[in-house]
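> My file is input-v8.txt. It has compact mmCIF, C-alpha atoms:
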# COMPACT_ATOMS: atom_id res chain seq x y z
CA MET A 151 -90.59 -14.25 -62.95
CA ILE A 152 -92.86 -13.64 -59.99
CA ILE A 153 -89.80 -12.73 -57.88
CA ILE A 154 -88.77 -10.01 -60.38
CA GLU A 155 -92.35 -8.71 -60.32
CA GLY A 156 -92.12 -8.71 -56.54
CA VAL A 157 -88.91 -6.66 -56.58
CA VAL A 158 -90.48 -4.12 -58.98
CA GLU A 159 -93.63 -4.02 -56.84
CA ALA A 160 -91.55 -3.46 -53.70
CA PHE A 161 -90.04 -0.29 -55.14
CA LYS A 162 -93.44 0.83 -56.48
CA LEU A 163 -94.93 0.36 -53.00
CA LEU A 164 -92.12 2.30 -51.40
CA ILE A 165 -92.42 5.27 -53.76
CA SER A 166 -96.22 5.18 -53.86
CA PHE A 167 -96.39 6.52 -50.29
CA ASP A 168 -99.50 4.39 -49.80
CA PRO A 169 -100.65 5.25 -46.23
CA GLU A 170 -101.55 1.62 -45.48
CA VAL A 171 -98.17 0.30 -46.53
CA TYR A 172 -96.39 2.96 -44.51
CA SER A 173 -98.58 2.39 -41.44
CA VAL A 174 -97.70 -1.32 -41.63
CA ILE A 175 -93.99 -0.54 -41.91
CA PHE A 176 -94.17 2.03 -39.11
CA LEU A 177 -96.01 -0.37 -36.77
CA SER A 178 -93.52 -3.15 -37.51
CA LEU A 179 -90.63 -0.87 -36.61
CA LEU A 180 -92.39 0.47 -33.53
CA VAL A 181 -93.37 -2.95 -32.14
CA SER A 182 -90.06 -4.70 -32.87
CA GLY A 183 -87.98 -1.64 -31.97
CA LEU A 184 -89.65 -1.15 -28.59
CA SER A 185 -89.55 -4.90 -27.90
CA THR A 186 -85.82 -4.91 -28.62
CA ILE A 187 -85.17 -1.89 -26.39
CA ILE A 188 -87.18 -3.34 -23.48
CA ALA A 189 -85.65 -6.80 -23.91
CA THR A 190 -82.15 -5.28 -24.05
CA LEU A 191 -82.68 -3.32 -20.83
CA ILE A 192 -83.75 -6.49 -19.07
CA SER A 193 -81.40 -8.97 -20.75
CA VAL A 194 -78.02 -7.23 -20.64
CA PRO A 195 -77.75 -6.91 -16.82
CA VAL A 196 -79.22 -10.39 -16.33
CA ALA A 197 -76.79 -11.92 -18.85
CA ILE A 198 -73.80 -10.19 -17.26
CA ILE A 199 -74.82 -11.35 -13.77
CA ILE A 200 -75.30 -14.94 -14.95
CA SER A 201 -72.00 -14.98 -16.83
CA VAL A 202 -69.87 -13.55 -13.99
CA LYS A 203 -71.48 -14.97 -10.86
CA LYS A 204 -71.03 -18.47 -9.53
CA PHE A 205 -74.23 -19.82 -8.03
CA LYS A 206 -76.18 -23.01 -7.49
CA PHE A 207 -78.32 -24.22 -10.40
CA LYS A 208 -76.43 -21.96 -12.85
CA LYS A 209 -76.05 -24.83 -15.32
CA ILE A 210 -79.76 -25.67 -15.20
CA LEU A 211 -80.73 -22.01 -15.56
CA LYS A 212 -78.50 -21.70 -18.64
CA ARG A 213 -80.04 -24.85 -20.11
CA PHE A 214 -83.52 -23.34 -19.64
CA ILE A 215 -82.45 -20.11 -21.32
CA TYR A 216 -80.98 -22.02 -24.30
CA THR A 217 -84.20 -24.05 -24.55
CA PHE A 218 -86.34 -20.91 -24.59
CA MET A 219 -84.16 -19.49 -27.37
CA ALA A 220 -85.81 -22.10 -29.58
CA ILE A 221 -89.40 -21.57 -28.45
CA PRO A 222 -91.75 -21.33 -31.45
CA PRO A 223 -93.26 -17.82 -31.60
CA VAL A 224 -96.72 -19.29 -31.97
CA VAL A 225 -96.36 -21.17 -28.66
CA LEU A 226 -95.24 -18.02 -26.91
CA GLY A 227 -98.08 -16.12 -28.59
CA LEU A 228 -100.51 -18.69 -27.24
CA PHE A 229 -99.12 -18.22 -23.73
CA VAL A 230 -99.53 -14.43 -23.95
CA LEU A 231 -102.99 -14.86 -25.51
CA LEU A 232 -104.11 -16.98 -22.54
CA LEU A 233 -102.58 -14.45 -20.17
CA LEU A 234 -104.35 -11.47 -21.78
CA SER A 235 -107.64 -13.09 -22.79
CA ASN A 236 -110.83 -12.19 -20.91
CA GLN A 237 -110.54 -15.31 -18.77
CA GLY A 238 -106.79 -14.83 -18.23
CA PRO A 239 -105.12 -13.27 -15.17
CA LEU A 240 -104.38 -10.04 -17.06
CA GLY A 241 -107.65 -9.96 -19.03
CA SER A 242 -108.94 -6.91 -17.16
CA LEU A 243 -106.19 -4.80 -18.75
CA GLU A 244 -107.86 -5.29 -22.17
CA LEU A 245 -104.54 -5.45 -23.99
CA LEU A 246 -105.37 -8.30 -26.35
CA PHE A 247 -105.35 -7.33 -30.05
CA THR A 248 -103.37 -4.15 -29.35
CA PRO A 249 -99.79 -3.25 -30.25
CA ILE A 250 -98.93 -3.50 -26.52
CA ALA A 251 -99.82 -7.21 -26.56
CA MET A 252 -97.56 -7.61 -29.60
CA ILE A 253 -94.71 -5.81 -27.81
CA ILE A 254 -95.13 -8.06 -24.76
CA SER A 255 -94.99 -11.18 -26.96
CA GLN A 256 -91.94 -10.10 -28.90
CA THR A 257 -90.14 -8.92 -25.76
CA LEU A 258 -90.68 -12.30 -24.10
CA LEU A 259 -89.62 -14.04 -27.30
CA ILE A 260 -86.28 -12.26 -27.64
CA ILE A 261 -85.21 -11.98 -24.00
CA PRO A 262 -83.78 -15.55 -23.98
CA ILE A 263 -82.15 -14.92 -27.36
CA ILE A 264 -80.30 -11.84 -26.15
CA ILE A 265 -79.38 -13.36 -22.76
CA GLY A 266 -78.30 -16.68 -24.29
CA ASN A 267 -76.15 -15.07 -26.95
CA ILE A 268 -74.44 -12.71 -24.52
CA ILE A 269 -73.69 -15.58 -22.12
CA THR A 270 -72.25 -17.91 -24.76
CA SER A 271 -70.10 -15.24 -26.36
CA THR A 272 -68.78 -13.54 -23.21
CA GLU A 273 -68.67 -16.03 -20.34
CA GLU A 274 -65.09 -17.19 -20.90
CA LEU A 275 -63.85 -13.67 -21.65
CA ASN A 276 -65.61 -12.31 -18.55
CA GLN A 277 -63.78 -14.73 -16.27
CA LYS A 278 -60.44 -13.61 -17.73
CA LEU A 279 -61.41 -9.94 -17.41
CA ILE A 280 -62.47 -10.41 -13.77
CA GLU A 281 -59.20 -12.17 -12.98
CA THR A 282 -57.11 -9.47 -14.68
CA CYS A 283 -59.04 -6.52 -13.28
CA LYS A 284 -59.00 -7.96 -9.76
CA THR A 285 -55.25 -8.54 -9.78
CA LEU A 286 -54.63 -5.01 -11.05
CA GLY A 287 -56.53 -3.65 -8.06
CA GLY A 288 -60.00 -3.18 -9.53
CA ASN A 289 -63.11 -3.26 -7.33
CA THR A 290 -66.56 -4.59 -8.29
CA LYS A 291 -67.48 -1.28 -9.95
CA ASP A 292 -64.30 -1.36 -12.07
CA ILE A 293 -64.94 -4.99 -13.04
CA ILE A 294 -68.53 -4.25 -14.18
CA LYS A 295 -67.39 -1.18 -16.14
CA LEU A 296 -64.60 -3.14 -17.81
CA ILE A 297 -66.88 -6.06 -18.70
CA ILE A 298 -69.47 -3.75 -20.31
CA LEU A 299 -66.79 -1.96 -22.35
CA GLU A 300 -64.93 -5.11 -23.42
CA THR A 301 -68.01 -7.16 -24.26
CA LYS A 302 -69.80 -4.31 -26.05
CA PRO A 303 -69.36 -5.88 -29.53
CA PHE A 304 -70.95 -9.15 -28.37
CA ILE A 305 -73.81 -7.27 -26.68
CA TYR A 306 -74.55 -5.36 -29.89
CA MET A 307 -74.53 -8.58 -31.91
CA ALA A 308 -76.98 -10.16 -29.46
CA ILE A 309 -79.24 -7.11 -29.88
CA VAL A 310 -79.04 -7.49 -33.68
CA LEU A 311 -80.10 -11.14 -33.37
CA GLY A 312 -82.94 -10.17 -31.03
CA PHE A 313 -84.25 -7.48 -33.36
CA SER A 314 -83.98 -9.77 -36.39
CA ARG A 315 -85.98 -12.44 -34.59
CA ALA A 316 -88.60 -9.88 -33.47
CA ILE A 317 -89.20 -8.22 -36.83
CA SER A 318 -89.32 -11.49 -38.74
CA GLU A 319 -91.63 -13.49 -36.50
CA VAL A 320 -95.29 -13.89 -37.39
CA GLY A 321 -96.84 -16.50 -35.09
CA ALA A 322 -96.92 -14.50 -31.86
CA VAL A 323 -98.01 -11.15 -33.33
CA MET A 324 -100.70 -12.89 -35.37
CA LEU A 325 -102.17 -14.57 -32.29
CA VAL A 326 -102.09 -11.63 -29.88
CA GLY A 327 -102.45 -8.82 -32.43
CA GLY A 328 -105.02 -10.36 -34.71
CA ASN A 329 -103.74 -8.67 -37.91
CA ILE A 330 -106.33 -5.90 -37.69
CA GLN A 331 -105.97 -3.46 -40.58
CA GLY A 332 -104.75 -0.05 -39.45
CA LYS A 333 -104.37 -1.23 -35.87
CA THR A 334 -102.20 -4.33 -35.42
CA ARG A 335 -101.14 -5.27 -38.94
CA VAL A 336 -97.37 -5.53 -39.31
CA ILE A 337 -95.23 -6.58 -42.28
CA THR A 338 -95.13 -10.30 -41.45
CA THR A 339 -98.89 -10.57 -40.81
CA TYR A 340 -99.49 -8.48 -43.95
CA ILE A 341 -97.43 -11.02 -45.94
CA THR A 342 -99.38 -13.92 -44.45
CA TRP A 343 -102.64 -12.19 -45.31
CA THR A 344 -101.74 -11.29 -48.92
CA THR A 345 -100.35 -14.82 -49.47
CA SER A 346 -103.60 -16.36 -48.26
CA MET A 347 -105.41 -14.11 -50.75
CA GLY A 348 -103.16 -15.44 -53.53
CA ASP A 349 -101.40 -12.10 -54.06
CA TYR A 350 -97.85 -13.46 -54.20
CA THR A 351 -96.37 -10.39 -55.89
CA GLU A 352 -97.38 -8.12 -53.00
CA SER A 353 -96.16 -10.74 -50.49
CA ILE A 354 -92.74 -10.83 -52.13
CA ALA A 355 -92.69 -7.04 -52.30
CA MET A 356 -93.39 -6.72 -48.57
CA GLY A 357 -90.81 -9.45 -47.89
CA ILE A 358 -88.21 -7.41 -49.73
CA ILE A 359 -89.20 -4.28 -47.77
CA LEU A 360 -88.81 -6.32 -44.55
CA LEU A 361 -85.31 -7.36 -45.61
CA ILE A 362 -84.39 -3.75 -46.47
CA ILE A 363 -85.56 -2.59 -43.01
CA ALA A 364 -83.68 -5.42 -41.28
CA PHE A 365 -80.56 -4.51 -43.28
CA ILE A 366 -80.77 -0.82 -42.37
CA VAL A 367 -81.43 -1.42 -38.65
CA THR A 368 -78.73 -4.10 -38.43
CA SER A 369 -76.26 -1.77 -40.17
CA ILE A 370 -77.04 1.02 -37.70
CA ILE A 371 -76.48 -1.28 -34.70
CA ILE A 372 -73.24 -2.65 -36.18
CA LYS A 373 -72.06 0.92 -36.87
CA LEU A 374 -72.74 1.76 -33.20
CA ARG A 375 -70.77 -1.35 -32.21
CA ASP A 376 -67.77 -0.39 -34.31
CA ASP A 377 -67.73 3.26 -33.24
CA LYS A 378 -65.57 3.80 -30.19
CA MET B 15 -42.79 -8.26 1.51
CA ASP B 16 -42.41 -11.94 2.36
CA ILE B 17 -45.23 -14.27 1.41
CA SER B 18 -45.89 -17.29 3.56
CA ILE B 19 -48.29 -20.05 2.72
CA ASN B 20 -49.84 -22.26 5.32
CA CYS B 21 -51.72 -25.41 4.26
CA VAL B 22 -53.53 -23.83 1.33
CA CYS B 23 -56.14 -25.86 -0.55
CA VAL B 24 -57.79 -24.81 -3.81
CA SER B 25 -60.83 -26.52 -5.31
CA TYR B 26 -60.62 -26.65 -9.08
CA LYS B 27 -63.52 -28.31 -10.93
CA GLU B 28 -63.78 -31.69 -9.17
CA LEU B 29 -60.17 -31.62 -7.92
CA LYS B 30 -58.81 -30.30 -4.67
CA ILE B 31 -55.13 -29.30 -4.72
CA CYS B 32 -53.35 -28.69 -1.44
CA PHE B 33 -50.03 -27.01 -0.76
CA LYS B 34 -48.00 -27.34 2.45
CA ASP B 35 -45.85 -24.57 3.90
CA TYR B 36 -43.87 -22.32 1.61
CA LEU B 37 -42.01 -19.08 2.26
CA PHE B 38 -41.27 -16.61 -0.53
CA LYS B 39 -38.77 -14.03 0.65
CA ASP B 40 -38.83 -10.35 -0.22
CA LYS B 41 -36.27 -9.07 -2.74
CA ASN B 42 -35.83 -12.60 -3.97
CA ILE B 43 -36.71 -14.38 -7.16
CA THR B 44 -38.35 -17.68 -6.36
CA PHE B 45 -39.26 -20.17 -9.04
CA ILE B 46 -42.06 -22.68 -8.74
CA THR B 47 -41.36 -25.64 -10.98
CA GLY B 48 -42.85 -29.07 -11.49
CA ARG B 49 -44.60 -31.25 -14.03
CA ASN B 50 -47.76 -30.24 -15.88
CA GLY B 51 -50.91 -30.48 -13.80
CA THR B 52 -49.20 -30.27 -10.42
CA GLY B 53 -50.94 -27.00 -9.57
CA LYS B 54 -48.21 -24.41 -10.13
CA THR B 55 -50.56 -21.93 -11.79
CA THR B 56 -53.26 -22.65 -9.20
CA LEU B 57 -50.81 -21.83 -6.39
CA LEU B 58 -49.80 -18.61 -8.13
CA LYS B 59 -53.46 -17.66 -8.63
CA ALA B 60 -54.16 -18.30 -4.95
CA MET B 61 -51.32 -15.94 -4.04
CA GLY B 62 -52.84 -13.39 -6.42
CA ASN B 63 -56.26 -13.93 -4.80
CA VAL B 64 -57.89 -14.65 -8.15
CA VAL B 65 -59.12 -18.08 -7.04
CA ASP B 66 -60.93 -19.01 -3.84
CA TYR B 67 -58.85 -21.00 -1.39
CA GLN B 68 -58.84 -22.36 2.12
CA GLY B 69 -55.82 -21.86 4.34
CA GLU B 70 -53.53 -18.94 4.99
CA ILE B 71 -51.63 -16.66 2.64
CA ASN B 72 -50.37 -13.54 4.39
CA ALA B 73 -50.29 -11.17 1.39
CA VAL B 74 -51.71 -10.66 -2.08
CA GLY B 75 -49.48 -10.46 -5.13
CA THR B 76 -50.14 -9.11 -8.62
CA TYR B 77 -50.71 -12.02 -10.94
CA VAL B 78 -49.74 -11.98 -14.63
CA SER B 79 -51.34 -14.90 -16.46
CA GLN B 80 -49.55 -16.74 -19.26
CA GLU B 81 -52.36 -15.65 -21.57
CA ALA B 82 -51.66 -11.93 -20.93
CA VAL B 83 -55.26 -10.72 -21.29
CA MET B 84 -55.36 -7.41 -23.15
CA PHE B 85 -58.19 -4.90 -23.00
CA ASN B 86 -59.52 -3.55 -26.28
CA LYS B 87 -57.58 -0.31 -25.84
CA THR B 88 -54.19 1.04 -26.91
CA VAL B 89 -51.02 -0.32 -25.32
CA TYR B 90 -50.68 2.97 -23.42
CA GLU B 91 -54.24 2.77 -22.09
CA ASN B 92 -53.63 -0.83 -21.04
CA ILE B 93 -50.47 0.12 -19.18
CA VAL B 94 -52.08 3.03 -17.34
CA TYR B 95 -55.26 1.07 -16.50
CA PRO B 96 -54.18 0.28 -12.91
CA LEU B 97 -53.33 3.97 -12.44
CA THR B 98 -56.67 5.08 -13.90
CA ILE B 99 -58.70 2.92 -11.53
CA ARG B 100 -56.63 4.25 -8.63
CA LYS B 101 -57.30 7.79 -9.91
CA LEU B 102 -53.57 8.59 -9.98
CA ALA B 103 -52.14 11.41 -12.10
CA LEU B 104 -50.84 9.81 -15.29
CA LEU B 105 -48.33 12.58 -15.91
CA ASP B 106 -46.39 11.54 -12.81
CA TYR B 107 -45.81 8.13 -14.39
CA GLN B 108 -44.76 9.24 -17.86
CA ASP B 109 -41.03 8.75 -17.26
CA LYS B 110 -41.60 5.33 -15.74
CA ILE B 111 -43.77 4.27 -18.70
CA ASN B 112 -41.10 5.44 -21.15
CA LEU B 113 -38.35 3.68 -19.23
CA LEU B 114 -40.18 0.36 -18.93
CA THR B 115 -41.47 0.29 -22.51
CA GLU B 116 -37.98 1.10 -23.80
CA LYS B 117 -36.45 -1.61 -21.64
CA LEU B 118 -38.78 -4.21 -23.11
CA ASN B 119 -38.59 -2.69 -26.59
CA ILE B 120 -42.31 -1.92 -27.01
CA HIS B 121 -42.17 1.88 -26.83
CA HIS B 122 -43.03 2.12 -30.53
CA LEU B 123 -46.25 0.18 -29.88
CA LEU B 124 -47.77 2.57 -27.33
CA ASN B 125 -50.50 3.81 -29.66
CA LYS B 126 -51.37 0.43 -31.14
CA ASN B 127 -54.44 -1.57 -30.15
CA ALA B 128 -53.15 -4.07 -27.59
CA THR B 129 -55.47 -6.88 -28.74
CA LYS B 130 -53.75 -6.82 -32.15
CA LEU B 131 -50.26 -7.51 -30.78
CA SER B 132 -48.36 -10.78 -30.93
CA SER B 133 -48.47 -13.07 -27.87
CA GLY B 134 -44.95 -12.07 -26.88
CA GLU B 135 -45.71 -8.35 -27.14
CA LYS B 136 -48.90 -8.88 -25.12
CA MET B 137 -46.88 -10.53 -22.36
CA LYS B 138 -44.53 -7.54 -22.24
CA VAL B 139 -47.47 -5.14 -21.98
CA ALA B 140 -49.08 -7.30 -19.27
CA ILE B 141 -45.86 -7.28 -17.24
CA ILE B 142 -45.45 -3.51 -17.48
CA ARG B 143 -49.16 -3.03 -16.64
CA SER B 144 -48.61 -5.14 -13.54
CA ILE B 145 -45.57 -3.31 -12.23
CA ILE B 146 -46.50 0.26 -13.13
CA PHE B 147 -48.22 0.79 -9.77
CA SER B 148 -45.28 -0.69 -7.84
CA PRO B 149 -46.77 -3.83 -6.30
CA LYS B 150 -44.90 -5.48 -3.44
CA VAL B 151 -45.20 -8.98 -4.87
CA LEU B 152 -45.15 -9.91 -8.56
CA LEU B 153 -46.43 -13.31 -9.71
CA LEU B 154 -45.43 -14.29 -13.24
CA ASP B 155 -46.97 -17.36 -14.85
CA GLU B 156 -44.69 -18.75 -17.57
CA PRO B 157 -43.65 -15.30 -18.82
CA THR B 158 -41.18 -16.58 -21.43
CA THR B 159 -43.56 -18.91 -23.30
CA HIS B 160 -44.08 -16.59 -26.28
CA LEU B 161 -40.89 -14.56 -26.07
CA ASP B 162 -37.93 -14.71 -28.46
CA LEU B 163 -34.37 -15.00 -27.12
CA GLU B 164 -33.68 -11.24 -27.20
CA SER B 165 -36.95 -10.54 -25.42
CA ILE B 166 -36.17 -13.12 -22.74
CA GLU B 167 -32.86 -11.37 -22.14
CA GLU B 168 -34.63 -7.99 -21.89
CA LEU B 169 -37.11 -9.51 -19.43
CA GLU B 170 -34.30 -11.05 -17.35
CA ASN B 171 -32.65 -7.63 -17.06
CA LEU B 172 -35.93 -6.01 -16.02
CA ILE B 173 -36.61 -8.70 -13.41
CA LYS B 174 -33.08 -8.28 -11.99
CA THR B 175 -33.78 -4.55 -11.57
CA LEU B 176 -37.20 -5.17 -10.03
CA LYS B 177 -35.78 -7.70 -7.59
CA LYS B 178 -34.03 -4.92 -5.69
CA LYS B 179 -37.39 -3.61 -4.56
CA ILE B 180 -39.98 -6.40 -4.68
CA ASN B 181 -40.68 -10.08 -4.15
CA ILE B 182 -40.89 -11.96 -7.46
CA ILE B 183 -42.37 -15.43 -7.80
CA ILE B 184 -42.27 -17.13 -11.18
CA VAL B 185 -43.70 -20.32 -12.63
CA SER B 186 -41.53 -21.47 -15.50
CA HIS B 187 -40.28 -24.45 -17.47
CA ASN B 188 -37.48 -22.49 -19.13
CA LYS B 189 -34.25 -23.95 -17.67
CA SER B 190 -31.80 -21.20 -18.68
CA PHE B 191 -34.25 -18.49 -17.57
CA ILE B 192 -34.52 -20.22 -14.18
CA GLU B 193 -30.75 -20.66 -13.86
CA ASN B 194 -30.05 -17.04 -14.77
CA LEU B 195 -32.45 -15.60 -12.21
CA LYS B 196 -33.26 -17.94 -9.36
CA ASP B 197 -32.53 -17.30 -5.73
CA LYS B 198 -34.67 -20.23 -4.69
CA GLU B 199 -36.66 -22.95 -6.42
CA TYR B 200 -39.62 -24.90 -5.13
CA ARG B 201 -40.33 -28.03 -7.10
CA ILE B 202 -43.89 -29.07 -6.37
CA GLY B 203 -45.71 -32.33 -6.98
CA VAL B 204 -42.73 -34.56 -6.22
Is it possible to give me this structure as structure tokens?

Amino acid sequence: MIIIEGVVEAFKLLISFDPEVYSVIFLSLLVSGLSTIIATLISVPVAIIISVKKFKFKKILKRFIYTFMAIPPVVLGLFVLLLLSNQGPLGSLELLFTPIAMIISQTLLIIPIIIGNIITSTEELNQKLIETCKTLGGNTKDIIKLIILETKPFIYMAIVLGFSRAISEVGAVMLVGGNIQGKTRVITTYITWTTSMGDYTESIAMGIILLIIAFIVTSIIIKLRDDK
Amino acid sequence: MDISINCVCVSYKELKICFKDYLFKDKNITFITGRNGTGKTTLLKAMGNVVDYQGEINAVGTYVSQEAVMFNKTVYENIVYPLTIRKLALLDYQDKINLLTEKLNIHHLLNKNATKLSSGEKMKVAIIRSIIFSPKVLLLDEPTTHLDLESIEELENLIKTLKKKINIIIVSHNKSFIENLKDKEYRIGV
């Protein structure tokens, strides 16, 4: 029953144009969207280099990346909190409890996810592509171009996974953002807050809105993947 | 162009495979045969410079793997890929593309996505892609594995034509294919 009420409430919230609800949705999209873009720009070249190059300690490096894919957001949030707190090395920047701190946390959280997924899904294919391109007369530039084009679908899927992880996590943004109304409150921290207040209907409603956003963004990325 | 091999060793995982002296003559079809795991493919890859090796190989051939890796493009785009990266005018090669694709009976597939083809069709595309830019040495790794009898015959005819101009080295287990084409056979690992 409460779930049906939640669904109804979700649509009411969406059509109510409540400024608070929309500011929460907007901030969620901004923080997770920017985190995904930054993480993608860092992760894609790193993942391609790791998957195509042969170097010492590659196996250990990959194991570390796979381990960090499973890091609990709250642990990562704690690390960023200590980094940005007054006593921390970056305390003077006064970034704690700002959206920038939340972006830093989510970026760090999803970098291993994007790198790890690209490596696992493309490593074998990359070796075959390098072999084929090389024997057909391709140089390093041709090989890189070919790898990016041929592994594009896997890269997009890794980005989807990264964004999904970013927008759905609560531990890190709660710790470094503080869930301050109108400033650092995002959908997941809003849900945590309303649940703690006993307002389950609103929690479910925001949960449904979160799923709708995730569905739309994921669909856009998959559409980009499928378009030539 | 002749290919000569002088004490070549290739490290593969924890194994090290070494090959003594071999000479592969130009305008000849040489088969490399032997039991599984004796390093036939590794030797071919070394000659194609797609694996690191120690020792001397005097030239680099164009290697066609038994997997026939296709790019996610049309058959035509796959075939012209070596020309594209060399920035050659595709129009100059149109007749050659038509001739080769007709010879191997894949002309009707030119606009199809190459990754969607059967294994045999992929092999045909891979072979044409490897000879379109007229390499001096062609290295074929078990080219008949996925081909039907008619296709093997088409391939034999193509290889006989190619032999007049280039050095062809083939790894194969197909006895009749070997008998129909071979000028020389090296059996390794014995």
> Box in all listed atoms of region 187-191 of chain B, axis-aligned, with 3 Å more on each side; write out centre and edge lengths in Å to one decimal as AutoDock Vina command-line options.

--center_x -36.0 --center_y -21.5 --center_z -18.3 --size_x 14.5 --size_y 12.0 --size_z 7.7
> Dump as CSV the rows for residues of chain A within 12 Å of chain B: closest atom pair and distance in Å with one decimal, only C-alpha atoms counted, ordered by chain and rising residue number.

residue,atom,partner,partner_atom,distance
A:Lys204,CA,B:Asp66,CA,11.6
A:Glu274,CA,B:Val83,CA,11.8
A:Leu275,CA,B:Val83,CA,9.1
A:Asn276,CA,B:Val83,CA,10.8
A:Gln277,CA,B:Val64,CA,10.0
A:Lys278,CA,B:Val83,CA,6.9
A:Leu279,CA,B:Val83,CA,7.3
A:Ile280,CA,B:Val64,CA,8.4
A:Glu281,CA,B:Val64,CA,5.6
A:Thr282,CA,B:Val83,CA,7.0
A:Cys283,CA,B:Pro96,CA,8.4
A:Lys284,CA,B:Val64,CA,7.0
A:Thr285,CA,B:Thr76,CA,5.3
A:Leu286,CA,B:Pro96,CA,5.6
A:Gly287,CA,B:Pro96,CA,6.7
A:Gly288,CA,B:Ile99,CA,6.5
A:Asn289,CA,B:Ile99,CA,8.7
A:Thr290,CA,B:Ile99,CA,11.3
A:Lys291,CA,B:Ile99,CA,9.9
A:Asp292,CA,B:Ile99,CA,7.1
A:Ile293,CA,B:Ile99,CA,10.2
A:Lys295,CA,B:Ile99,CA,10.7
A:Leu296,CA,B:Phe85,CA,8.4
A:Ile297,CA,B:Phe85,CA,9.8
A:Ile298,CA,B:Asn86,CA,11.6
A:Leu299,CA,B:Asn86,CA,8.4
A:Glu300,CA,B:Asn86,CA,6.3
A:Thr301,CA,B:Asn86,CA,9.4
A:Lys302,CA,B:Asn86,CA,10.3
A:Pro303,CA,B:Asn86,CA,10.6
A:Asp376,CA,B:Asn86,CA,11.9
A:Lys378,CA,B:Lys87,CA,10.0
> Which residues are near region 180-193 of chain B? Cut-off 6 Å, all atoms listed in the file, ignore same chain within fewer than 3 positions. Put them as a PyMOL selection string.
chain B and resi 40-46+150-156+177+196
> Write the residues of the preceding selection, restricted to C-alpha atoms, as a PDB file, keeping the file's coordinate frame.

ATOM      1  CA  ASP B  40     -38.830 -10.350  -0.220  1.00  0.00           C
ATOM      2  CA  LYS B  41     -36.270  -9.070  -2.740  1.00  0.00           C
ATOM      3  CA  ASN B  42     -35.830 -12.600  -3.970  1.00  0.00           C
ATOM      4  CA  ILE B  43     -36.710 -14.380  -7.160  1.00  0.00           C
ATOM      5  CA  THR B  44     -38.350 -17.680  -6.360  1.00  0.00           C
ATOM      6  CA  PHE B  45     -39.260 -20.170  -9.040  1.00  0.00           C
ATOM      7  CA  ILE B  46     -42.060 -22.680  -8.740  1.00  0.00           C
ATOM      8  CA  LYS B 150     -44.900  -5.480  -3.440  1.00  0.00           C
ATOM      9  CA  VAL B 151     -45.200  -8.980  -4.870  1.00  0.00           C
ATOM     10  CA  LEU B 152     -45.150  -9.910  -8.560  1.00  0.00           C
ATOM     11  CA  LEU B 153     -46.430 -13.310  -9.710  1.00  0.00           C
ATOM     12  CA  LEU B 154     -45.430 -14.290 -13.240  1.00  0.00           C
ATOM     13  CA  ASP B 155     -46.970 -17.360 -14.850  1.00  0.00           C
ATOM     14  CA  GLU B 156     -44.690 -18.750 -17.570  1.00  0.00           C
ATOM     15  CA  LYS B 177     -35.780  -7.700  -7.590  1.00  0.00           C
ATOM     16  CA  LYS B 196     -33.260 -17.940  -9.360  1.00  0.00           C
TER      17      LYS B 196
END
> Please provide the set of residues having any atom within 8 Å of Ile263 (chain A), restricted to all atoms listed in the file, with same-chain residues fewer than 4 positions apart removed, written as a list of chain:residue names.
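Close residues of Ile263 (chain A): A:Ile215, A:Tyr216, A:Phe218, A:Met219, A:Leu259, A:Asn267, A:Ala308, A:Leu311, A:Gly312.
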> Name the residues in contact with Asn20 (chain B) at a cut-off of 8 Å, using all atoms listed in the file, excluding same-chain residues fewer than 4 positions from it; report them as a PyMOL selection string.
chain B and resi 33-36+69-71
> Could you tell me how far CA of Thr257 (chain A) sits from CA of Ile198 (chain A), in Å to one decimal place?
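CA of Thr257 (chain A) lies 18.5 Å from CA of Ile198 (chain A).
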> Just the number, please: distance in Å from CA of Glu159 (chain A) to CA of Ile366 (chain A), one decimal.
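So the answer is 19.6 Å.
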> Rounded to one decimal in Å, what is the spacing between CA of Asn194 (chain B) and CA of His122 (chain B)?
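Spanning CA of Asn194 (chain B) to CA of His122 (chain B) is a straight-line distance of 28.0 Å.
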> Skip Tyr90 (chain B) itself and residues of its chain fewer than 5 positions away, then list as a list in words all residues within 10 Å of it, counting only C-alpha atoms.
Tyr95, Ile111, Thr115, His121, Leu123, Leu124, Asn125, Lys126, Asn127, Ala128, Val139 and Arg143 of chain B
> Counting all atoms listed in the file, what is within 8 Å of Leu226 (chain A), bar same-chain residues fewer than 4 positions away, as a VMD selection string?
chain A and resid 221 to 222 230 255 258 to 259 322
> Could you list as JSON, numbers by chain every residue that has an atom within 7 Å of (-55.3, -32.6, -2.8), using the file's coordinates and counting all atoms listed in the file?
{"B": [30, 31, 32]}
